[in-house]
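A.B. asks: What follows is a structure written as structure tokens; I'll ask about it next.
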Amino acid sequence: MVKTNIKTIAKELKLPYITRNIEDEIKEANIKNLTYEAFLLSLLENEYDLRKANGIKSRIRQARFPYKRYIEDLSLEDLPQDARDKIKVFSSLDFIETGQNIILAGNPGTGKTHIAIGLGIKACNKGYKVLFTTIPLLVNELKESRSEKTLRAFEKKFEKYDLIIADELGYISFDKEASEL
């Protein structure tokens, strides 16, 4: 009865770890002869860890990356020296805090998107809200928002992000309206 009540309350309080694992946690606490304080601390730490992991997954999903690439998987030897030096600086993510922009330019296939996605995923892991989009998609959304008279609302949505990654700038020719937007 008590375990059922704990599960019910944990579910109401939106504590998924406790809801799913209370019985196993109680058994383990009894085996280890944990104090009430140690048992409660263990439960809360596990709940916290689950929330933190779910938050990261959610931020990565909401960022809309086309695929996952990690900055650590980038082969630095394949990059020019100046790019290697910049990667170290960019990986600190200080540019987000200082509100600086980064422009990655170079020939196709040189790792610009990999770097951008890697930095974006790293930012998600650090708790930043990120959006990944392509310039062609962004231009289309801007045009649609303008024609539907929702441009201000569309612009406002960008204020909630800490980092916006706009990829594929070189793959679109801008018409007059797109350039203005």
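The way I read the labels, and the way they are meant: chains A, B, ... in the order of the structure tokens, residue 1 as the first residue of every chain, and ligand 1 as the first ligand shown, with later ones counted on from there.
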Write out as a list of chain:residue names which residues come within 12 Å of A:Val2 when counting only C-alpha atoms, dropping same-chain ones fewer than 2 positions away.
C.D. replies: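 In the requested form, the answer reads A:Thr4, A:Asn5, A:Ile6, A:Lys7, A:Thr8, A:Ile9, A:Ile22, A:Glu23, A:Ile26.
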A.B. asks: Sorted by chain and rising residue number, which residues of stretch 1-81 of chain A lie within 9 Å of stretch 118-137 of chain A, and what are their closest atom pairs and distances in Å to one decimal, counting only C-alpha atoms, as CSV?
C.D. replies:
residue,atom,partner,partner_atom,distance
A:Ala53,CA,A:Asn125,CA,8.8
A:Gly55,CA,A:Gly127,CA,8.0
A:Ile56,CA,A:Asn125,CA,5.4
A:Lys57,CA,A:Cys124,CA,8.3
A:Ser58,CA,A:Cys124,CA,8.9
A:Arg59,CA,A:Cys124,CA,5.7
A:Ile60,CA,A:Cys124,CA,6.0
A:Gln62,CA,A:Leu131,CA,7.2
A:Ala63,CA,A:Leu131,CA,4.2
A:Arg64,CA,A:Phe132,CA,5.7
A:Phe65,CA,A:Phe132,CA,5.6
A:Pro66,CA,A:Phe132,CA,8.1
A:Lys68,CA,A:Gly118,CA,7.6
A:Arg69,CA,A:Gly118,CA,5.2
A:Tyr70,CA,A:Gly118,CA,4.2
A:Ile71,CA,A:Gly118,CA,4.3
A:Glu72,CA,A:Gly118,CA,7.8
A:Asp73,CA,A:Gly118,CA,8.5
A:Leu74,CA,A:Gly118,CA,8.5
A.B. asks: Residues near A:Arg20, anyone? I mean within 10 Å using only C-alpha atoms, not counting same-chain ones fewer than 5 positions away, as a list in words.
C.D. replies: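 Residues near the query, excluding close chain neighbours: Lys7, Ala10, Lys11, Leu15 and Glu25 of chain A.
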A.B. asks: Between A:Asp24, A:Asp85, A:Glu97, A:Glu148, which one has atoms that come closest to A:Leu163, using only C-alpha atoms?
C.D. replies: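 For A:Leu163, the nearest of the given residues is A:Glu97.
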A.B. asks: Can you measure atom CA of A:Glu155 to atom CA of A:Thr98 for me? One decimal in Å is fine.
C.D. replies: 21.0 Å
